[in-house]
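Peer 1: Sharing a structure with you now.
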Amino acid sequence: MRNDDPRLPSSPGFWRSPLRGTGFTSVLGLVLLVGITVLFVTGLVSYAAYNPDLSPVNDQTPDKGILGFYLFAWPTDPHWLYRFTQGLHVTLGITLIPILLAKLWSVVPRLFALPPARSLAHALERLSLLLLVGGGLFEFTTGVLNVQLAYVFPGSFYPLHFYGAWVFFAAFVAHAVLKVPAALRAVRRPGREQGDLVSPRPGPPTVSRRGALWFVGGASLLFFATTVGQSIGGVLRRTALLAPHGGADPGGGPNGFQINKTAAYAGIDTRETGAEAWRLVVTGRGGTVRLSRAQLLRMPLHSSALPIACVEGWSTADQWWRGVRLRDLAALVGHDGDPPDLFVESLQRHGAFRRAALRANQVADPRSLLALYVNGEALSPDHGYPARIIVPAAPGVLNTKWVARLTFGDL
Ligand code: HEM
Ligand SMILES: Nc1nc2c(c(=O)[nH]1)N[C@H]1C(S)=C(S)[C@@H](COP(=O)(O)O)O[C@H]1N2
Ligand SMILES: [Mo]
């Protein structure tokens with residue numbers, strides 16, 4: 001049932017670009033081989049950073065089952081760890097988009113080839129390609145939408161992107177095992193294009209293969225240059241033209257750094273955060289204490305220079321936080337020495353990030369604070385006044401703002 005009518009995409013003669021061939025596909029494929037492997041690894045690592053096995057409030061994918069086999073206690077060193085892994089994940093993902101699209105363009109004639117299946121083996125192979133192409137487009141689309149629109153799929157983004165990653169990567173590994181030998185052969189012996197992808201009736205060239213690769217690489221570089229500033233922060237944030245905009249304007253001064261959700265958005269009323277009304281309720285095996293901000297300020301205060309690093313890929317440079325050590329608060333309610341896990345609750349009544357669980361190693365770190373000041377000034381309402389959590393190396397989600405209650409104990 002071979003189709004020879006060049007007006008139909010199932011005919012090889014329909015595809016006329018003289019660029020197509022194993023060599024062009026292989027260069028792009030080898031770049032993706034490295035890039036997508038790094039994406040997969042940083043993705044899994046960033047998932048581990050939530051300590052999703054610690055508490056259901058940290059995890060949006062409770063049915064992860066054996067896919068959570070590799071989870072470990074997320075470390076607190078180096079203090080920029082999540083800033084690095086998640087910045088790399090998001091920036092690299094965006095940078096690879098032009099290469100992925102070019103790779104798909106280079107093999108698109110194959111997707112239309114008829115008959116759909118010549119044998120059972122061929123049918124299975126095409127099914128795996130469906131998972132590869134569909135899975136790839138799905139992972140890139142859900143990733144970009146989440147970064148750009150800030151959690152478009154509330155609650156469902158994590159499971160979709162997480163399970164999708166495993167399906168996609170399984171198909172990717174199978175494809176790489178089959179194609180890497182041919183790809184290496186093709187790039188070692190450049191020259192005339194070979195293989196079934198070469199058009200039987202090529203049109204006149206409008207660009208050389210080298211020119212086309214420069215074009216794709218240039219597009220990638222442009223995506224990189226207009227994204228990476230959001231992970232560096234400070235003035236370079238303004239170069240991140242592709243990063244999400246239109247969020248709250250943090251203004252200048254000590255509190256003048258990126259704001260995720262404003263106090264108004266979170267429904268925080270200034271009447272609840274004033275000196276009269278606000279009390280921090282701390283509970284542990286030794287009982288419960290209620291502390292005003294003034295009482296907290298009379299405890300030993302410590303400083304740590306730590307960034308905020310969001311899952312969306314943006315992060316701030318180190319900010320100078322000052323407040324009470326979490327382990328000192330643990331000691332206050334009967335946990336001297338080795339502090340246990342910690343369950344944190346915000347004044348905020350609705351929304352996914354009003355609660356978080358921290359693991360014992362995070363509580364024990366002397367840089368982990370209930371912060372009262374940032375950069376020498378009281379926290380602004382949008383950065384969590386009267387008090388917020390700040391923990392080294394952790395994702396922003398664990399840095400709960402407008403803290404109302406701390407419960408120490410093994411989770
Ligand atoms: C997101 C990742 C990728 C997608 C969506 C993708 C998709 C495809 C598709 C649909 C085909 C055509 C079907 C076939 O020939 O079996 C193909 C062919 C090919 N791919 Fe990939 N691929 C990806 C990654 C890679 C990687 C990592 C390599 C590694 C070198 C690679 C090398 C090749 C080669 C050499 C061919 C055959 C070209 C020819 O027959 O002339 N691909 N790819
Ligand atoms: N109560 C509460 N705390 C919160 C959030 C929230 O929505 N509510 N957002 C979290 C997220 S996702 C991030 S990235 C950081 C951002 O902190 P910032 O707004 O001070 O930069 O706060 C975290 N703490
Ligand atoms: Mo975040």
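In the structure tokens, each chain is lettered A, B, ... as it comes, each chain's residues begin at 1, and ligands are numbered from 1 in order of appearance.
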Show me which residues sit within 12 Å of ligand 3 when counting only C-alpha atoms and all ligand atoms, and put them as a PyMOL selection string.

Peer 2: chain A and resi 50+82-83+86+146-147+150-151+258-261+308-316+352-354+394-401

Peer 1: Can you tell me, as a VMD selection string, what residues are no more than 7 Å from range 26-34 of chain A when counting only C-alpha atoms, ignoring any on the same chain fewer than 4 positions away?

Peer 2: chain A and resid 22 38 99 103 183 186 to 187

Peer 1: Could those residues be written to a file, using all heavy atoms, as a PDB file, in the first residue's frame?

Peer 2:
ATOM      1  N   THR A  22      19.764  11.431   7.757  1.00  0.00           N
ATOM      2  CA  THR A  22      20.209  10.915   9.047  1.00  0.00           C
ATOM      3  C   THR A  22      21.177  11.859   9.756  1.00  0.00           C
ATOM      4  O   THR A  22      21.144  11.986  10.979  1.00  0.00           O
ATOM      5  CB  THR A  22      20.864   9.532   8.848  1.00  0.00           C
ATOM      6  OG1 THR A  22      19.936   8.724   8.109  1.00  0.00           O
ATOM      7  CG2 THR A  22      21.149   8.854  10.165  1.00  0.00           C
ATOM      8  N   VAL A  38      19.725  15.197  31.358  1.00  0.00           N
ATOM      9  CA  VAL A  38      19.914  16.154  32.470  1.00  0.00           C
ATOM     10  C   VAL A  38      18.553  16.652  32.983  1.00  0.00           C
ATOM     11  O   VAL A  38      18.334  16.770  34.184  1.00  0.00           O
ATOM     12  CB  VAL A  38      20.811  17.334  32.033  1.00  0.00           C
ATOM     13  CG1 VAL A  38      20.879  18.410  33.112  1.00  0.00           C
ATOM     14  CG2 VAL A  38      22.212  16.841  31.680  1.00  0.00           C
ATOM     15  N   ILE A  99      15.343  22.949  19.771  1.00  0.00           N
ATOM     16  CA  ILE A  99      16.031  21.733  19.307  1.00  0.00           C
ATOM     17  C   ILE A  99      15.038  20.582  19.182  1.00  0.00           C
ATOM     18  O   ILE A  99      15.054  19.826  18.209  1.00  0.00           O
ATOM     19  CB  ILE A  99      17.191  21.395  20.262  1.00  0.00           C
ATOM     20  CG1 ILE A  99      18.145  22.599  20.246  1.00  0.00           C
ATOM     21  CG2 ILE A  99      17.905  20.112  19.857  1.00  0.00           C
ATOM     22  CD1 ILE A  99      19.377  22.484  21.035  1.00  0.00           C
ATOM     23  N   LYS A 103      14.133  18.742  15.754  1.00  0.00           N
ATOM     24  CA  LYS A 103      14.260  17.284  15.656  1.00  0.00           C
ATOM     25  C   LYS A 103      12.964  16.669  15.121  1.00  0.00           C
ATOM     26  O   LYS A 103      12.987  15.801  14.239  1.00  0.00           O
ATOM     27  CB  LYS A 103      14.610  16.697  17.031  1.00  0.00           C
ATOM     28  CG  LYS A 103      14.602  15.182  17.129  1.00  0.00           C
ATOM     29  CD  LYS A 103      15.842  14.601  16.550  1.00  0.00           C
ATOM     30  CE  LYS A 103      15.941  13.108  16.409  1.00  0.00           C
ATOM     31  NZ  LYS A 103      15.004  12.175  16.788  1.00  0.00           N
ATOM     32  N   ALA A 183      23.406   7.266  14.872  1.00  0.00           N
ATOM     33  CA  ALA A 183      23.637   8.709  15.000  1.00  0.00           C
ATOM     34  C   ALA A 183      25.134   8.999  15.096  1.00  0.00           C
ATOM     35  O   ALA A 183      25.642   9.928  14.457  1.00  0.00           O
ATOM     36  CB  ALA A 183      22.903   9.245  16.222  1.00  0.00           C
ATOM     37  N   ALA A 186      26.722   8.594  11.755  1.00  0.00           N
ATOM     38  CA  ALA A 186      26.394   9.676  10.829  1.00  0.00           C
ATOM     39  C   ALA A 186      27.181  10.949  11.134  1.00  0.00           C
ATOM     40  O   ALA A 186      27.613  11.639  10.223  1.00  0.00           O
ATOM     41  CB  ALA A 186      24.896   9.962  10.868  1.00  0.00           C
ATOM     42  N   VAL A 187      27.377  11.262  12.431  1.00  0.00           N
ATOM     43  CA  VAL A 187      28.105  12.512  12.707  1.00  0.00           C
ATOM     44  C   VAL A 187      29.607  12.332  12.570  1.00  0.00           C
ATOM     45  O   VAL A 187      30.332  13.292  12.342  1.00  0.00           O
ATOM     46  CB  VAL A 187      27.777  13.125  14.099  1.00  0.00           C
ATOM     47  CG1 VAL A 187      26.326  13.558  14.169  1.00  0.00           C
ATOM     48  CG2 VAL A 187      28.110  12.161  15.219  1.00  0.00           C
TER      49      VAL A 187
END

Peer 1: Could you find all residues in range 196-323 of chain A that DSSP calls strand (DSSP E) from the backbone, and write them as a list in words?

Peer 2: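 Secondary structure check on range 196-323 of chain A, strand (DSSP E): Leu280, Val281, Val282, Thr283, Gly284, Gly287, Thr288, Val289, Arg290, Leu291, His302, Ser303, Ser304, Ala305, Leu306, Gln319, Trp320, Trp321, Arg322 and Gly323 of chain A.
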
Peer 1: I need the chosen residues saved as an mmCIF file, in the first residue's frame, with N, CA and C atoms.

Peer 2:
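Produced file out.cif, reproduced below:
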data_model
loop_
_atom_site.group_PDB
_atom_site.id
_atom_site.type_symbol
_atom_site.label_atom_id
_atom_site.label_comp_id
_atom_site.auth_asym_id
_atom_site.auth_seq_id
_atom_site.Cartn_x
_atom_site.Cartn_y
_atom_site.Cartn_z
ATOM 1 N N LEU A 280 2.259 33.358 68.020
ATOM 2 C CA LEU A 280 2.771 32.125 67.421
ATOM 3 C C LEU A 280 2.496 30.991 68.407
ATOM 4 N N VAL A 281 1.823 29.954 67.954
ATOM 5 C CA VAL A 281 1.520 28.823 68.822
ATOM 6 C C VAL A 281 2.520 27.711 68.515
ATOM 7 N N VAL A 282 3.351 27.375 69.501
ATOM 8 C CA VAL A 282 4.387 26.354 69.307
ATOM 9 C C VAL A 282 4.068 25.158 70.194
ATOM 10 N N THR A 283 3.998 23.982 69.582
ATOM 11 C CA THR A 283 3.647 22.775 70.334
ATOM 12 C C THR A 283 4.728 21.709 70.149
ATOM 13 N N GLY A 284 5.007 20.997 71.223
ATOM 14 C CA GLY A 284 5.953 19.882 71.181
ATOM 15 C C GLY A 284 5.615 18.915 72.282
ATOM 16 N N GLY A 287 4.672 20.391 75.675
ATOM 17 C CA GLY A 287 3.508 21.255 75.839
ATOM 18 C C GLY A 287 3.419 22.330 74.764
ATOM 19 N N THR A 288 2.642 23.384 75.051
ATOM 20 C CA THR A 288 2.382 24.433 74.066
ATOM 21 C C THR A 288 2.745 25.785 74.657
ATOM 22 N N VAL A 289 3.402 26.625 73.858
ATOM 23 C CA VAL A 289 3.613 28.010 74.283
ATOM 24 C C VAL A 289 3.044 28.942 73.228
ATOM 25 N N ARG A 290 2.614 30.120 73.674
ATOM 26 C CA ARG A 290 2.095 31.145 72.758
ATOM 27 C C ARG A 290 3.002 32.348 72.885
ATOM 28 N N LEU A 291 3.565 32.793 71.746
ATOM 29 C CA LEU A 291 4.555 33.869 71.776
ATOM 30 C C LEU A 291 4.103 35.045 70.924
ATOM 31 N N HIS A 302 19.410 35.184 65.196
ATOM 32 C CA HIS A 302 20.544 34.765 64.360
ATOM 33 C C HIS A 302 20.282 35.184 62.921
ATOM 34 N N SER A 303 21.377 35.292 62.162
ATOM 35 C CA SER A 303 21.256 35.699 60.758
ATOM 36 C C SER A 303 21.678 34.577 59.829
ATOM 37 N N SER A 304 21.014 34.469 58.685
ATOM 38 C CA SER A 304 21.473 33.559 57.622
ATOM 39 C C SER A 304 21.255 34.228 56.281
ATOM 40 N N ALA A 305 22.217 34.020 55.382
ATOM 41 C CA ALA A 305 22.099 34.533 54.012
ATOM 42 C C ALA A 305 21.600 33.398 53.139
ATOM 43 N N LEU A 306 20.336 33.465 52.731
ATOM 44 C CA LEU A 306 19.725 32.362 51.973
ATOM 45 C C LEU A 306 18.836 32.901 50.865
ATOM 46 N N GLN A 319 19.387 36.507 50.439
ATOM 47 C CA GLN A 319 18.861 37.629 51.221
ATOM 48 C C GLN A 319 19.348 37.431 52.651
ATOM 49 N N TRP A 320 19.386 38.521 53.394
ATOM 50 C CA TRP A 320 19.923 38.489 54.746
ATOM 51 C C TRP A 320 18.765 38.408 55.727
ATOM 52 N N TRP A 321 18.477 37.175 56.192
ATOM 53 C CA TRP A 321 17.331 36.955 57.083
ATOM 54 C C TRP A 321 17.790 37.002 58.529
ATOM 55 N N ARG A 322 16.930 37.456 59.417
ATOM 56 C CA ARG A 322 17.246 37.458 60.842
ATOM 57 C C ARG A 322 16.020 37.016 61.627
ATOM 58 N N GLY A 323 16.241 36.091 62.559
ATOM 59 C CA GLY A 323 15.105 35.589 63.326
ATOM 60 C C GLY A 323 15.545 34.542 64.329
#

Peer 1: For Ser380 in chain A, which of A:Ala263, A:Ala165, A:Leu39, A:Ala275 is the closest residue, counting only C-alpha atoms?

Peer 2: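 Once distances to Ser380 in chain A are computed over only C-alpha atoms, the minimum belongs to A:Ala263.
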
Peer 1: Using only C-alpha atoms, find each residue of range 139-190 of chain A with at least one atom at most 9 Å away from an atom of range 58-70 of chain A; report its shortest atom-to-atom pair and that distance in Å (one decimal), sort the rows by chain and rising residue number, and return the result as a tab-separated table.

Peer 2:
residue	atom	partner	partner_atom	distance
A:Gly155	CA	A:Gln60	CA	6.3
A:Ser156	CA	A:Gln60	CA	7.5
A:Phe157	CA	A:Gln60	CA	8.6
A:Tyr158	CA	A:Gln60	CA	6.1
A:Pro159	CA	A:Thr61	CA	5.3
A:Phe162	CA	A:Thr61	CA	8.2
A:Tyr163	CA	A:Lys64	CA	8.1
A:Trp166	CA	A:Leu67	CA	8.4

Peer 1: Next, dump the selected residues to file, keeping only N, CA, C and O atoms, as a PDB file, in the first residue's frame.

Peer 2:
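Here's the written file result23.pdb:
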ATOM      1  N   GLY A 155      -3.032  21.560  41.689  1.00  0.00           N
ATOM      2  CA  GLY A 155      -3.089  20.209  42.218  1.00  0.00           C
ATOM      3  C   GLY A 155      -2.779  19.125  41.216  1.00  0.00           C
ATOM      4  O   GLY A 155      -2.244  18.102  41.564  1.00  0.00           O
ATOM      5  N   SER A 156      -3.101  19.348  39.928  1.00  0.00           N
ATOM      6  CA  SER A 156      -2.930  18.247  38.992  1.00  0.00           C
ATOM      7  C   SER A 156      -1.648  18.363  38.170  1.00  0.00           C
ATOM      8  O   SER A 156      -1.251  17.418  37.522  1.00  0.00           O
ATOM      9  N   PHE A 157      -0.972  19.515  38.218  1.00  0.00           N
ATOM     10  CA  PHE A 157       0.254  19.652  37.438  1.00  0.00           C
ATOM     11  C   PHE A 157       1.301  18.645  37.868  1.00  0.00           C
ATOM     12  O   PHE A 157       1.936  18.006  37.049  1.00  0.00           O
ATOM     13  N   TYR A 158       1.496  18.492  39.167  1.00  0.00           N
ATOM     14  CA  TYR A 158       2.555  17.608  39.640  1.00  0.00           C
ATOM     15  C   TYR A 158       2.361  16.173  39.187  1.00  0.00           C
ATOM     16  O   TYR A 158       3.277  15.594  38.607  1.00  0.00           O
ATOM     17  N   PRO A 159       1.180  15.578  39.442  1.00  0.00           N
ATOM     18  CA  PRO A 159       1.019  14.209  38.957  1.00  0.00           C
ATOM     19  C   PRO A 159       1.177  14.105  37.440  1.00  0.00           C
ATOM     20  O   PRO A 159       1.854  13.192  36.966  1.00  0.00           O
ATOM     21  N   PHE A 162       4.848  14.549  36.514  1.00  0.00           N
ATOM     22  CA  PHE A 162       5.652  13.510  37.153  1.00  0.00           C
ATOM     23  C   PHE A 162       5.458  12.153  36.462  1.00  0.00           C
ATOM     24  O   PHE A 162       6.417  11.521  36.023  1.00  0.00           O
ATOM     25  N   TYR A 163       4.208  11.727  36.307  1.00  0.00           N
ATOM     26  CA  TYR A 163       3.985  10.439  35.635  1.00  0.00           C
ATOM     27  C   TYR A 163       4.371  10.544  34.165  1.00  0.00           C
ATOM     28  O   TYR A 163       4.938   9.618  33.588  1.00  0.00           O
ATOM     29  N   TRP A 166       8.031   9.854  33.479  1.00  0.00           N
ATOM     30  CA  TRP A 166       8.459   8.438  33.456  1.00  0.00           C
ATOM     31  C   TRP A 166       8.091   7.775  32.133  1.00  0.00           C
ATOM     32  O   TRP A 166       8.893   7.036  31.555  1.00  0.00           O
TER      33      TRP A 166
END

Peer 1: Could you give me, as a count of residues only, each residue of range 177-328 of chain A that DSSP assigns to helix (DSSP H, G or I) when run on this structure's backbone?

Peer 2: 51

Peer 1: Report as a list in words which protein, DNA and RNA residues come within 6 Å of ligand 1, using only C-alpha atoms and all ligand atoms.

Peer 2: Gly21, Thr22, Thr25, Ser26, Gly29, Leu30, Leu32, Leu33, Leu100, Leu104, Val107, Arg110, Leu129, Leu132, Val133, Gly136, Ala176, Lys179, Val180, Ala182, Ala183, Gly195, Asp196 and Leu197 of chain A

Peer 1: Let's have the selection written as a compact mmCIF listing (two decimals), in the first residue's frame, with N, CA, C and O atoms.

Peer 2:
# COMPACT_ATOMS: atom_id res chain seq x y z
N GLY A 21 17.74 14.16 6.50
CA GLY A 21 18.62 13.01 6.34
C GLY A 21 19.14 12.62 7.70
O GLY A 21 18.98 13.35 8.68
N THR A 22 19.76 11.43 7.76
CA THR A 22 20.21 10.91 9.05
C THR A 22 21.18 11.86 9.76
O THR A 22 21.14 11.99 10.98
N THR A 25 19.28 14.87 11.48
CA THR A 25 18.52 14.33 12.62
C THR A 25 19.47 13.93 13.75
O THR A 25 19.17 14.14 14.93
N SER A 26 20.64 13.38 13.39
CA SER A 26 21.54 12.83 14.41
C SER A 26 22.19 13.92 15.25
O SER A 26 22.36 13.75 16.46
N GLY A 29 19.59 14.95 17.58
CA GLY A 29 19.32 13.84 18.50
C GLY A 29 20.38 13.74 19.59
O GLY A 29 20.05 13.53 20.76
N LEU A 30 21.64 13.91 19.21
CA LEU A 30 22.71 13.78 20.20
C LEU A 30 22.66 14.92 21.22
O LEU A 30 22.95 14.71 22.40
N LEU A 32 19.89 16.37 22.15
CA LEU A 32 18.75 16.02 23.02
C LEU A 32 19.11 14.89 23.98
O LEU A 32 18.63 14.85 25.11
N LEU A 33 19.96 13.97 23.52
CA LEU A 33 20.34 12.85 24.38
C LEU A 33 20.94 13.36 25.68
O LEU A 33 20.56 12.93 26.77
N LEU A 100 14.14 20.48 20.15
CA LEU A 100 13.09 19.45 20.08
C LEU A 100 12.22 19.66 18.83
O LEU A 100 11.93 18.70 18.10
N LEU A 104 11.83 17.13 15.64
CA LEU A 104 10.55 16.61 15.17
C LEU A 104 10.33 16.95 13.70
O LEU A 104 9.89 16.12 12.92
N VAL A 107 12.13 14.60 11.31
CA VAL A 107 11.66 13.21 11.14
C VAL A 107 10.18 13.15 10.80
O VAL A 107 9.60 12.05 10.74
N ARG A 110 8.39 10.48 8.59
CA ARG A 110 8.22 9.14 9.15
C ARG A 110 6.88 8.97 9.85
O ARG A 110 6.32 7.88 9.89
N LEU A 129 6.96 5.16 19.47
CA LEU A 129 7.22 6.51 18.93
C LEU A 129 6.10 7.48 19.32
O LEU A 129 6.34 8.66 19.54
N LEU A 132 6.89 8.51 22.64
CA LEU A 132 8.07 9.39 22.62
C LEU A 132 7.67 10.80 22.19
O LEU A 132 7.96 11.78 22.88
N VAL A 133 7.00 10.90 21.06
CA VAL A 133 6.64 12.22 20.52
C VAL A 133 5.56 12.86 21.39
O VAL A 133 5.67 14.02 21.81
N GLY A 136 7.02 13.68 24.84
CA GLY A 136 7.92 14.84 24.76
C GLY A 136 7.13 16.13 24.68
O GLY A 136 7.35 17.06 25.46
N ALA A 176 16.75 5.93 22.19
CA ALA A 176 18.18 6.24 22.19
C ALA A 176 19.00 4.96 21.98
O ALA A 176 19.95 4.95 21.19
N LYS A 179 18.91 4.17 18.33
CA LYS A 179 19.40 5.13 17.35
C LYS A 179 20.82 5.65 17.57
O LYS A 179 21.42 6.16 16.63
N VAL A 180 21.31 5.56 18.81
CA VAL A 180 22.63 6.16 19.06
C VAL A 180 23.72 5.61 18.14
O VAL A 180 24.51 6.39 17.59
N ALA A 182 23.61 4.53 15.04
CA ALA A 182 23.50 5.15 13.72
C ALA A 182 23.82 6.64 13.79
O ALA A 182 24.45 7.19 12.87
N ALA A 183 23.41 7.27 14.87
CA ALA A 183 23.64 8.71 15.00
C ALA A 183 25.13 9.00 15.10
O ALA A 183 25.64 9.93 14.46
N GLY A 195 20.04 7.92 4.08
CA GLY A 195 18.90 7.34 4.78
C GLY A 195 17.57 7.66 4.12
O GLY A 195 17.49 8.41 3.16
N ASP A 196 16.52 7.05 4.70
CA ASP A 196 15.18 7.17 4.13
C ASP A 196 14.60 8.57 4.23
O ASP A 196 13.62 8.88 3.58
N LEU A 197 15.21 9.39 5.09
CA LEU A 197 14.64 10.73 5.27
C LEU A 197 15.07 11.68 4.16
O LEU A 197 14.53 12.77 4.02
